[in-house]
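Heads up, final.txt below (compact mmCIF, C-alpha atoms):
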# COMPACT_ATOMS: atom_id res chain seq x y z
CA MET O 1 -30.09 -39.53 -1.90
CA ALA O 2 -32.40 -37.45 -4.08
CA GLN O 3 -34.02 -36.00 -0.97
CA GLN O 4 -30.66 -34.56 0.08
CA LEU O 5 -30.82 -32.40 -3.03
CA THR O 6 -33.63 -30.32 -1.53
CA LEU O 7 -33.03 -27.46 0.84
CA VAL O 8 -35.81 -28.83 3.06
CA ALA O 9 -33.88 -32.07 3.62
CA LYS O 10 -30.67 -30.15 4.22
CA LEU O 11 -32.40 -27.91 6.77
CA ARG O 12 -33.64 -30.97 8.66
CA GLN O 13 -30.09 -32.32 8.68
CA ARG O 14 -28.79 -29.07 10.19
CA VAL O 15 -31.50 -29.22 12.87
CA GLU O 16 -30.60 -32.81 13.76
CA GLU O 17 -26.86 -32.13 13.86
CA GLN O 18 -26.72 -28.65 15.35
CA GLY O 19 -30.00 -28.06 17.17
CA GLU O 20 -29.54 -25.04 19.41
CA SER O 21 -26.49 -23.70 17.56
CA PRO O 22 -27.14 -20.35 15.86
CA ALA O 23 -28.38 -20.48 12.29
CA PHE O 24 -28.62 -16.67 12.09
CA ILE O 25 -27.38 -13.84 14.23
CA PHE O 26 -28.97 -10.46 13.47
CA ARG O 27 -27.21 -7.31 14.66
CA SER O 28 -28.63 -3.80 14.61
CA PRO O 29 -26.65 -0.54 14.62
CA HIS O 30 -28.07 0.09 18.10
CA ASP O 31 -26.29 -2.97 19.57
CA GLY O 32 -29.38 -5.12 19.29
CA ARG O 33 -28.77 -8.85 18.84
CA TYR O 34 -31.27 -11.51 17.81
CA VAL O 35 -30.32 -15.18 17.51
CA LEU O 36 -32.27 -17.76 15.54
CA SER O 37 -31.11 -21.29 16.37
CA TRP O 38 -31.60 -24.10 13.87
CA ASN O 39 -34.33 -25.58 16.08
CA ARG O 40 -36.19 -22.29 16.43
CA LEU O 41 -35.89 -21.48 12.74
CA TYR O 42 -37.32 -24.88 11.83
CA ARG O 43 -40.14 -24.65 14.39
CA LEU O 44 -41.22 -21.14 13.34
CA ALA O 45 -40.87 -21.98 9.64
CA GLY O 46 -43.12 -25.04 10.02
CA ARG O 47 -45.76 -22.92 11.73
CA PHE O 48 -45.65 -20.33 8.96
CA ALA O 49 -45.86 -23.18 6.43
CA ALA O 50 -49.05 -24.26 8.22
CA VAL O 51 -50.43 -20.73 7.77
CA LEU O 52 -49.62 -20.84 4.04
CA ASN O 53 -51.11 -24.32 3.74
CA SER O 54 -54.33 -23.22 5.45
CA ARG O 55 -54.68 -20.48 2.81
CA GLY O 56 -54.35 -23.01 0.00
CA LEU O 57 -50.72 -22.26 -0.87
CA GLY O 58 -48.17 -24.99 -1.60
CA ARG O 59 -46.51 -26.71 -4.55
CA GLY O 60 -46.95 -24.81 -7.78
CA HIS O 61 -47.50 -21.44 -6.06
CA LEU O 62 -45.12 -18.48 -6.05
CA VAL O 63 -44.94 -16.08 -3.10
CA VAL O 64 -43.34 -12.65 -3.59
CA ASN O 65 -41.31 -11.64 -0.53
CA THR O 66 -40.64 -7.89 -0.11
CA LEU O 67 -39.25 -8.07 3.45
CA VAL O 68 -35.84 -6.63 4.28
CA ASN O 69 -33.05 -8.65 5.95
CA SER O 70 -34.47 -9.58 9.33
CA PRO O 71 -35.49 -12.59 11.44
CA GLU O 72 -38.95 -12.30 9.89
CA ARG O 73 -37.58 -12.66 6.36
CA ALA O 74 -35.51 -15.72 7.32
CA VAL O 75 -38.51 -17.42 8.94
CA CYS O 76 -40.79 -16.61 5.99
CA GLU O 77 -38.32 -17.94 3.41
CA ALA O 78 -37.81 -21.21 5.30
CA GLY O 79 -41.57 -21.46 5.80
CA ILE O 80 -42.12 -21.14 2.06
CA TRP O 81 -39.64 -24.04 1.52
CA LEU O 82 -41.50 -26.24 3.99
CA SER O 83 -44.87 -25.42 2.47
CA GLY O 84 -43.68 -26.64 -0.94
CA ALA O 85 -44.21 -23.23 -2.54
CA ALA O 86 -41.42 -21.06 -4.00
CA SER O 87 -40.37 -17.51 -3.17
CA VAL O 88 -39.78 -14.60 -5.52
CA ASN O 89 -37.54 -11.71 -4.51
CA GLY O 90 -39.79 -8.66 -4.41
CA HIS O 91 -37.37 -5.75 -4.38
CA CYS O 92 -38.77 -2.35 -5.21
CA GLN O 93 -36.18 0.17 -6.40
CA MET O 94 -38.20 2.43 -8.68
CA ALA O 95 -40.07 5.29 -7.05
CA ASP O 96 -43.34 4.40 -8.74
CA GLY O 97 -43.00 0.70 -7.83
CA SER O 98 -43.25 -0.34 -11.48
CA ASP O 99 -40.47 -2.91 -11.04
CA LEU O 100 -42.37 -4.67 -8.24
CA LEU O 101 -45.58 -4.61 -10.28
CA HIS O 102 -43.63 -6.05 -13.23
CA THR O 103 -42.33 -8.89 -11.02
CA LEU O 104 -45.83 -9.67 -9.75
CA ARG O 105 -47.27 -9.76 -13.26
CA VAL O 106 -44.49 -11.77 -14.91
CA SER O 107 -44.19 -14.32 -12.09
CA ARG O 108 -47.99 -14.63 -11.79
CA ALA O 109 -47.47 -14.91 -8.04
CA SER O 110 -50.35 -16.11 -5.88
CA ALA O 111 -49.33 -14.34 -2.67
CA LEU O 112 -47.33 -11.40 -1.38
CA LEU O 113 -45.51 -10.72 1.90
CA VAL O 114 -45.22 -7.08 2.99
CA ASP O 115 -44.35 -5.14 6.14
CA PRO O 116 -46.66 -2.10 5.99
CA ASP O 117 -45.05 -0.51 9.06
CA VAL O 118 -41.60 -0.08 7.51
CA SER O 119 -41.03 3.14 5.60
CA ASN O 120 -40.69 1.53 2.18
CA ILE O 121 -42.32 1.70 -1.21
CA PRO O 122 -43.98 -1.71 -1.69
CA TRP O 123 -47.09 -1.24 0.43
CA ASN O 124 -47.58 2.39 -0.64
CA VAL O 125 -47.53 1.26 -4.26
CA LEU O 126 -49.80 -1.74 -3.82
CA THR O 127 -52.58 0.13 -2.03
CA LYS O 128 -53.37 1.72 -5.40
CA TYR O 129 -53.78 -1.62 -7.14
CA VAL O 130 -55.31 -4.10 -4.68
CA SER O 131 -58.33 -4.38 -2.43
CA VAL O 132 -57.89 -6.43 0.74
CA GLY O 133 -60.86 -8.38 2.05
CA GLU O 134 -61.45 -10.82 4.90
CA ASP O 135 -58.70 -13.29 5.73
CA ASP O 136 -56.30 -10.98 3.83
CA SER O 137 -57.66 -12.13 0.48
CA VAL O 138 -56.84 -9.85 -2.44
CA THR O 139 -58.71 -8.71 -5.50
CA SER O 140 -57.09 -6.68 -8.25
CA SER O 141 -58.02 -5.95 -11.84
CA ASP O 142 -54.33 -5.38 -12.60
CA LEU O 143 -52.81 -8.36 -10.75
CA THR O 144 -55.33 -11.07 -11.49
CA ASP O 145 -53.18 -13.97 -10.18
CA LEU O 146 -52.58 -12.37 -6.78
CA LYS O 147 -55.01 -13.88 -4.25
CA LYS O 148 -53.42 -13.59 -0.79
CA LEU O 149 -51.62 -10.85 1.11
CA PHE O 150 -49.67 -11.45 4.32
CA PHE O 151 -48.81 -8.59 6.65
CA ILE O 152 -45.56 -9.46 8.43
CA ARG O 153 -45.32 -7.02 11.33
CA ARG O 154 -42.94 -6.48 14.21
CA VAL O 155 -44.51 -4.94 17.31
CA GLU O 156 -42.45 -3.41 20.10
CA GLY O 157 -42.46 -5.53 23.23
CA ASP O 158 -43.72 -8.55 21.25
CA GLY O 159 -47.25 -7.21 21.56
CA PRO O 160 -50.40 -8.34 19.73
CA GLY O 161 -49.84 -8.55 15.99
CA ASP O 162 -46.15 -9.31 16.24
CA PHE O 163 -45.38 -11.93 13.57
CA ILE O 164 -42.92 -14.09 15.49
CA THR O 165 -44.84 -13.86 18.77
CA GLN O 166 -47.95 -15.05 16.93
CA LEU O 167 -46.07 -18.03 15.49
CA ASP O 168 -44.75 -18.88 18.96
CA SER O 169 -48.33 -19.16 20.20
CA ASP O 170 -49.53 -21.24 17.24
CA SER O 171 -49.72 -25.02 17.57
CA ASP O 172 -50.25 -25.99 13.92
CA TRP O 173 -47.18 -27.17 12.03
CA PHE O 174 -46.78 -28.27 8.42
CA GLN O 175 -44.17 -29.66 6.09
CA ALA O 176 -44.90 -30.81 2.55
CA ASP O 177 -43.67 -34.38 2.12
CA ASP O 178 -43.61 -34.30 -1.68
CA VAL O 179 -40.96 -31.63 -2.39
CA THR O 180 -38.54 -32.88 -5.07
CA PRO O 181 -35.14 -31.65 -6.29
CA GLU O 182 -36.79 -30.46 -9.49
CA ASP O 183 -39.31 -28.23 -7.71
CA ILE O 184 -38.71 -24.49 -7.88
CA LEU O 185 -37.00 -23.22 -4.72
CA THR O 186 -36.78 -19.51 -5.39
CA VAL O 187 -36.73 -16.85 -8.08
CA PHE O 188 -33.90 -14.31 -7.81
CA THR O 189 -34.04 -10.88 -9.41
CA THR O 190 -31.12 -9.28 -11.24
CA SER O 191 -29.90 -5.77 -10.46
CA GLY O 192 -32.20 -4.18 -13.02
CA THR O 193 -29.59 -1.61 -14.08
CA THR O 194 -30.64 -1.90 -17.72
CA GLY O 195 -34.38 -1.77 -17.05
CA PHE O 196 -36.69 -4.16 -15.24
CA SER O 197 -35.01 -6.96 -13.34
CA LYS O 198 -34.91 -10.38 -14.94
CA LEU O 199 -36.42 -13.24 -12.97
CA VAL O 200 -33.94 -16.10 -12.53
CA VAL O 201 -35.47 -19.43 -11.50
CA TYR O 202 -33.61 -21.92 -9.29
CA THR O 203 -34.78 -25.42 -8.47
CA HIS O 204 -33.70 -27.11 -5.24
CA ARG O 205 -31.18 -29.20 -7.18
CA GLU O 206 -29.69 -26.19 -8.98
CA TYR O 207 -29.28 -24.20 -5.78
CA MET O 208 -27.68 -27.11 -3.92
CA GLN O 209 -25.20 -27.66 -6.76
CA LEU O 210 -24.49 -23.94 -6.84
CA HIS O 211 -23.00 -24.03 -3.35
CA LYS O 212 -21.35 -27.43 -3.55
CA ALA O 213 -18.05 -25.91 -4.70
CA MET O 214 -18.13 -23.32 -1.92
CA TYR O 215 -18.67 -25.96 0.75
CA GLU O 216 -15.89 -28.13 -0.66
CA PHE O 217 -13.53 -25.14 -0.60
CA LYS O 218 -14.29 -24.54 3.08
CA GLN O 219 -13.65 -28.20 3.86
CA GLN O 220 -10.36 -28.30 1.93
CA ASN O 221 -9.03 -25.01 3.32
CA PRO O 222 -9.88 -25.02 7.03
CA VAL O 223 -8.03 -22.46 9.15
CA ASN O 224 -10.40 -22.84 12.06
CA THR O 225 -12.51 -25.93 11.55
CA ASP O 226 -14.58 -25.36 14.69
CA LEU O 227 -15.83 -21.98 13.56
CA ASN O 228 -18.03 -21.30 10.54
CA ARG O 229 -19.41 -17.82 11.07
CA HIS O 230 -20.01 -15.85 7.89
CA PHE O 231 -20.76 -12.12 7.89
CA THR O 232 -22.65 -10.52 5.00
CA ILE O 233 -24.72 -7.44 4.32
CA ALA O 234 -25.97 -8.82 1.00
CA PRO O 235 -29.78 -8.77 0.67
CA PHE O 236 -31.50 -12.08 1.40
CA GLY O 237 -33.23 -11.88 -1.97
CA TRP O 238 -29.95 -11.69 -3.87
CA GLY O 239 -28.04 -14.81 -4.93
CA ALA O 240 -24.95 -14.00 -2.83
CA GLY O 241 -27.03 -13.31 0.27
CA TYR O 242 -29.81 -15.88 0.04
CA ILE O 243 -30.59 -17.54 3.37
CA GLY O 244 -30.03 -21.01 1.93
CA MET O 245 -26.26 -20.38 1.97
CA GLY O 246 -25.95 -21.13 5.67
CA VAL O 247 -27.92 -24.34 5.21
CA THR O 248 -25.78 -25.62 2.35
CA THR O 249 -22.38 -24.52 3.74
CA CYS O 250 -23.10 -25.41 7.38
CA SER O 251 -22.43 -21.84 8.51
CA THR O 252 -23.90 -19.37 10.96
CA ILE O 253 -24.94 -16.31 8.94
CA ILE O 254 -24.37 -12.98 10.68
CA THR O 255 -25.99 -9.94 9.15
CA CYS O 256 -27.68 -6.61 9.81
CA ASP O 257 -31.26 -6.49 11.04
CA ILE O 258 -32.41 -3.80 8.62
CA ARG O 259 -35.88 -3.87 10.20
CA VAL O 260 -34.33 -1.90 13.11
CA GLY O 261 -33.37 1.54 11.85
CA GLY O 262 -32.37 0.52 8.34
CA LEU O 263 -28.76 0.17 7.21
CA PRO O 264 -26.09 1.52 9.59
CA LYS O 265 -25.06 5.12 8.89
CA ASP O 266 -21.43 4.17 9.48
CA MET O 267 -21.22 0.81 7.75
CA PRO O 268 -17.43 0.26 8.15
CA GLU O 269 -17.68 0.86 11.91
CA PHE O 270 -20.61 -1.54 12.12
CA ILE O 271 -18.75 -4.20 10.11
CA CYS O 272 -15.58 -3.87 12.16
CA GLN O 273 -17.48 -4.17 15.44
CA VAL O 274 -19.55 -7.17 14.34
CA LEU O 275 -16.56 -9.05 12.89
CA GLU O 276 -14.77 -8.70 16.21
CA VAL O 277 -17.63 -9.30 18.63
CA GLU O 278 -19.15 -12.23 16.72
CA GLU O 279 -15.77 -13.85 15.98
CA CYS O 280 -16.52 -14.15 12.27
CA ASN O 281 -14.10 -16.20 10.21
CA SER O 282 -15.41 -15.28 6.77
CA ALA O 283 -17.15 -12.28 5.26
CA LEU O 284 -18.55 -10.85 2.05
CA ILE O 285 -17.83 -7.11 1.86
CA ASN O 286 -18.16 -4.42 -0.80
CA PRO O 287 -14.65 -3.14 -1.68
CA MET O 288 -15.67 0.48 -1.18
CA TYR O 289 -15.64 -0.07 2.60
CA LEU O 290 -12.07 -1.39 2.69
CA PRO O 291 -10.00 1.79 3.28
CA ARG O 292 -11.91 2.88 6.37
CA LEU O 293 -12.39 -0.69 7.56
CA LEU O 294 -8.63 -1.20 7.54
CA GLN O 295 -8.13 2.13 9.32
CA LEU O 296 -10.57 1.11 12.05
CA ALA O 297 -8.92 -2.28 12.44
CA GLU O 298 -5.52 -0.59 12.86
CA MET O 299 -6.93 1.82 15.45
CA ARG O 300 -8.39 -1.06 17.46
CA HIS O 301 -5.09 -2.92 17.24
CA LEU O 302 -3.12 0.10 18.48
CA LYS O 303 -5.62 0.72 21.26
CA ALA O 304 -5.27 -2.87 22.44
CA GLY O 305 -1.47 -2.48 22.37
CA SER O 306 -1.59 0.59 24.62
CA ASN O 307 -3.12 -1.50 27.40
CA GLU O 308 -0.38 -3.42 29.22
CA ASN O 309 -2.87 -6.03 30.37
CA ALA O 310 -4.31 -6.58 26.89
CA GLU O 311 -3.22 -9.39 24.69
CA ILE O 312 -1.99 -7.87 21.43
CA SER O 313 -3.44 -9.89 18.60
CA ARG O 314 -5.40 -9.57 15.39
CA ASP O 315 -7.88 -12.35 14.82
CA LEU O 316 -7.85 -12.43 11.03
CA LEU O 317 -10.69 -13.73 8.92
CA ASP O 318 -9.96 -17.02 7.22
CA ASN O 319 -11.27 -15.57 3.95
CA LEU O 320 -12.79 -12.34 2.72
CA VAL O 321 -14.93 -12.24 -0.42
CA LEU O 322 -14.80 -8.99 -2.40
CA THR O 323 -17.68 -8.42 -4.76
CA GLY O 324 -19.85 -5.69 -6.26
CA LEU O 325 -17.07 -3.73 -8.00
CA PRO O 326 -14.07 -4.46 -10.27
CA VAL O 327 -11.27 -5.35 -7.86
CA THR O 328 -7.79 -3.82 -8.15
CA ARG O 329 -4.45 -4.81 -6.61
CA ALA O 330 -4.78 -1.83 -4.23
CA MET O 331 -8.09 -3.21 -2.97
CA VAL O 332 -6.62 -6.67 -2.44
CA ALA O 333 -3.63 -5.14 -0.65
CA ALA O 334 -6.02 -3.24 1.63
CA ALA O 335 -7.97 -6.42 2.33
CA SER O 336 -4.95 -8.67 2.93
CA PRO O 337 -4.28 -7.52 6.54
CA LEU O 338 -7.86 -8.50 7.36
CA ALA O 339 -7.86 -12.05 6.02
CA HIS O 340 -5.59 -15.01 5.33
CA SER O 341 -7.01 -15.26 1.81
CA VAL O 342 -8.96 -12.83 -0.34
CA ILE O 343 -11.49 -14.32 -2.76
CA VAL O 344 -12.19 -12.32 -5.90
CA GLY O 345 -14.91 -13.62 -8.15
CA TYR O 346 -17.13 -12.79 -11.05
CA GLY O 347 -20.73 -13.87 -11.23
CA SER O 348 -24.36 -12.95 -11.63
CA ALA O 349 -27.77 -13.80 -10.28
CA ASP O 350 -28.08 -16.19 -13.21
CA PHE O 351 -25.18 -18.32 -12.06
CA SER O 352 -23.53 -16.99 -8.88
CA PHE O 353 -19.74 -17.49 -9.30
CA VAL O 354 -18.60 -17.99 -12.89
CA SER O 355 -14.93 -17.66 -11.95
CA LYS O 356 -13.03 -17.38 -8.69
CA HIS O 357 -9.53 -16.30 -7.69
CA ILE O 358 -8.18 -17.13 -4.22
CA VAL O 359 -5.44 -14.60 -3.45
CA THR O 360 -2.91 -15.18 -0.66
CA ASP O 361 -0.27 -12.72 -1.93
CA SER O 362 -1.54 -9.32 -3.06
CA GLU O 363 1.75 -8.62 -4.90
CA THR O 364 0.93 -11.28 -7.46
CA PHE O 365 -2.60 -10.01 -8.13
CA VAL O 366 -3.36 -8.35 -11.46
CA ASP O 367 -6.10 -5.72 -11.57
CA HIS O 368 -9.55 -7.13 -12.34
CA ASP O 369 -8.34 -10.75 -12.42
CA THR O 370 -11.29 -12.92 -11.39
CA GLY O 371 -9.50 -16.21 -11.82
CA PRO O 372 -10.31 -19.37 -13.78
CA PRO O 373 -13.84 -20.75 -14.27
CA VAL O 374 -15.22 -22.66 -11.31
CA GLU O 375 -15.98 -26.35 -11.60
CA GLY O 376 -18.79 -27.06 -14.05
CA VAL O 377 -18.35 -23.82 -16.03
CA THR O 378 -17.09 -23.71 -19.62
CA VAL O 379 -15.97 -20.40 -21.11
CA ARG O 380 -16.18 -19.62 -24.81
CA ILE O 381 -14.59 -16.53 -26.32
CA VAL O 382 -16.75 -15.09 -29.09
CA THR O 383 -15.13 -12.46 -31.34
CA ARG O 384 -17.03 -9.75 -33.16
CA THR O 385 -16.67 -11.67 -36.43
CA MET O 386 -17.97 -14.87 -34.86
CA ARG O 387 -20.90 -13.00 -33.34
CA LYS O 388 -21.80 -11.54 -36.73
CA GLN O 389 -21.62 -14.98 -38.38
CA LEU O 390 -23.80 -16.44 -35.64
CA TYR O 391 -26.33 -13.63 -36.12
CA LEU O 392 -26.42 -14.11 -39.91
CA SER O 393 -26.80 -17.88 -39.68
CA THR O 394 -29.66 -17.41 -37.23
CA ARG O 395 -31.36 -14.92 -39.55
CA GLN O 396 -30.95 -17.25 -42.55
CA GLY O 397 -32.34 -20.16 -40.58
CA THR O 398 -35.31 -18.06 -39.59
CA SER O 399 -35.93 -16.91 -43.18
CA SER O 400 -35.72 -20.41 -44.66
CA SER O 401 -38.04 -21.84 -42.05
CA ARG O 402 -40.60 -19.20 -42.90
CA GLY O 403 -40.09 -19.59 -46.65
Would you kindly transcribe this structure into structure tokens?
Amino acid sequence: MAQQLTLVAKLRQRVEEQGESPAFIFRSPHDGRYVLSWNRLYRLAGRFAAVLNSRGLGRGHLVVNTLVNSPERAVCEAGIWLSGAASVNGHCQMADGSDLLHTLRVSRASALLVDPDVSNIPWNVLTKYVSVGEDDSVTSSDLTDLKKLFFIRRVEGDGPGDFITQLDSDSDWFQADDVTPEDILTVFTTSGTTGFSKLVVYTHREYMQLHKAMYEFKQQNPVNTDLNRHFTIAPFGWGAGYIGMGVTTCSTIITCDIRVGGLPKDMPEFICQVLEVEECNSALINPMYLPRLLQLAEMRHLKAGSNENAEISRDLLDNLVLTGLPVTRAMVAAASPLAHSVIVGYGSADFSFVSKHIVTDSETFVDHDTGPPVEGVTVRIVTRTMRKQLYLSTRQGTSSSRG
């Protein structure tokens, strides 16, 4: 039973039960489509785990992953699980890369994954701080814990040097047999809006429990029980977009392959097209896209109605999660024609959903209402007076202990 509380065990279960069913579907703005089945994900991940193991990486090691949402990132993350190591989200938002350097120093990571061919900051920053030797070993006077660097490249036509093509040709495969629920699975980073991002550690057990409530909700509220296809544009390194979600909720994750041309220039058009073509039944969408998304959906509906031979129908999402901004009644009203239920929640990288409100009637929604606490969460209201008393008692305790 304890083994089921690791994402590795849960991934094996998905492979056994679903095999060639899609684990991930990556879409690009240029109509590209890349499918990773559960079998293929597991096979490629085990081969990458063998690469990590051959470089001396496993339990007790942290690997910073700077890759964007892509098949390569999914394979690398799952490979890190199988190796027994843990990943750290390596986002780089500051122009000088100081936030990435801060993450590397604080986490004391042993290895780093970068794609030097993508126009991004991480590799440009790191070239000033590290020297790369044979076998991609790293030396750095600034980042003394960093020992290995992995270049994760995509080559047109699957040519030499292409990461996934190389794994396909490898024969070595590895899976650590001693991963426990208490081992670190991943380290998320917060938004960093108040300075450097905090590093938030999740063990396998904590992450599995995190999504237990979400899975139970899907089981208790099935509109289409044969279809679990979830669309998201959330970054894989963020709590709401982490690739373990599909494993824990038994869902196919559909997202944008940012490795091909970056984010779509017309995101609402991209979302509308993917939701329709991929027959998604749930989605996580930023509220700012709702007005145009609804307009596009109406246009498609009217266009279908103008064709006498077309069946006039709107295949609604079962549920639509709105997150990233305070949600108003107008937003929920705009989302309601797109989904049977709208889920409004409040959370953070530290704890995902703290509260959740499932809305089926937008008329009853009150602006910014994020619902009651989810199972396992206790809320305490602390007034200004209480906060001052707590501060003073802490100070007194500190003074007396020193005295």
Neighbours of segment 325-339 of chain O within 9 Å (only C-alpha atoms; same-chain residues fewer than 2 positions away dropped), as number ranges by chain?
O: 281-282, 286-288, 290-291, 293-294, 297, 314-320, 322-323, 341-342, 344, 346, 359-370
So, counting only C-alpha atoms, which residue among O:Ser83, O:Gln273, O:Thr66, O:Thr248 is closest to Gln13 of chain O?
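The answer is O:Thr248, which sits nearest to Gln13 of chain O.
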Pick from O:Thr232, O:Ser107, O:Ser348, O:Ser171: nearest to Gly46 of chain O, with only C-alpha atoms counted?
O:Ser171
Hey, can you check how far atom CA of Thr144 of chain O sits from atom CA of Asp183 of chain O?
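Pair atom CA of Thr144 of chain O / atom CA of Asp183 of chain O returns 23.8 Å.
You will find atom CA of Ile121 of chain O at 9.5 Å from atom CA of Leu100 of chain O.
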Quick one, how far is atom CA of Leu36 of chain O from atom CA of Ile164 of chain O?
11.3 Å
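Between Glu278 of chain O and the candidates O:Val15, O:Val35, O:Met208, O:Ile381, the tightest atom-to-atom separation, counting all atoms listed in the file, involves O:Val35.
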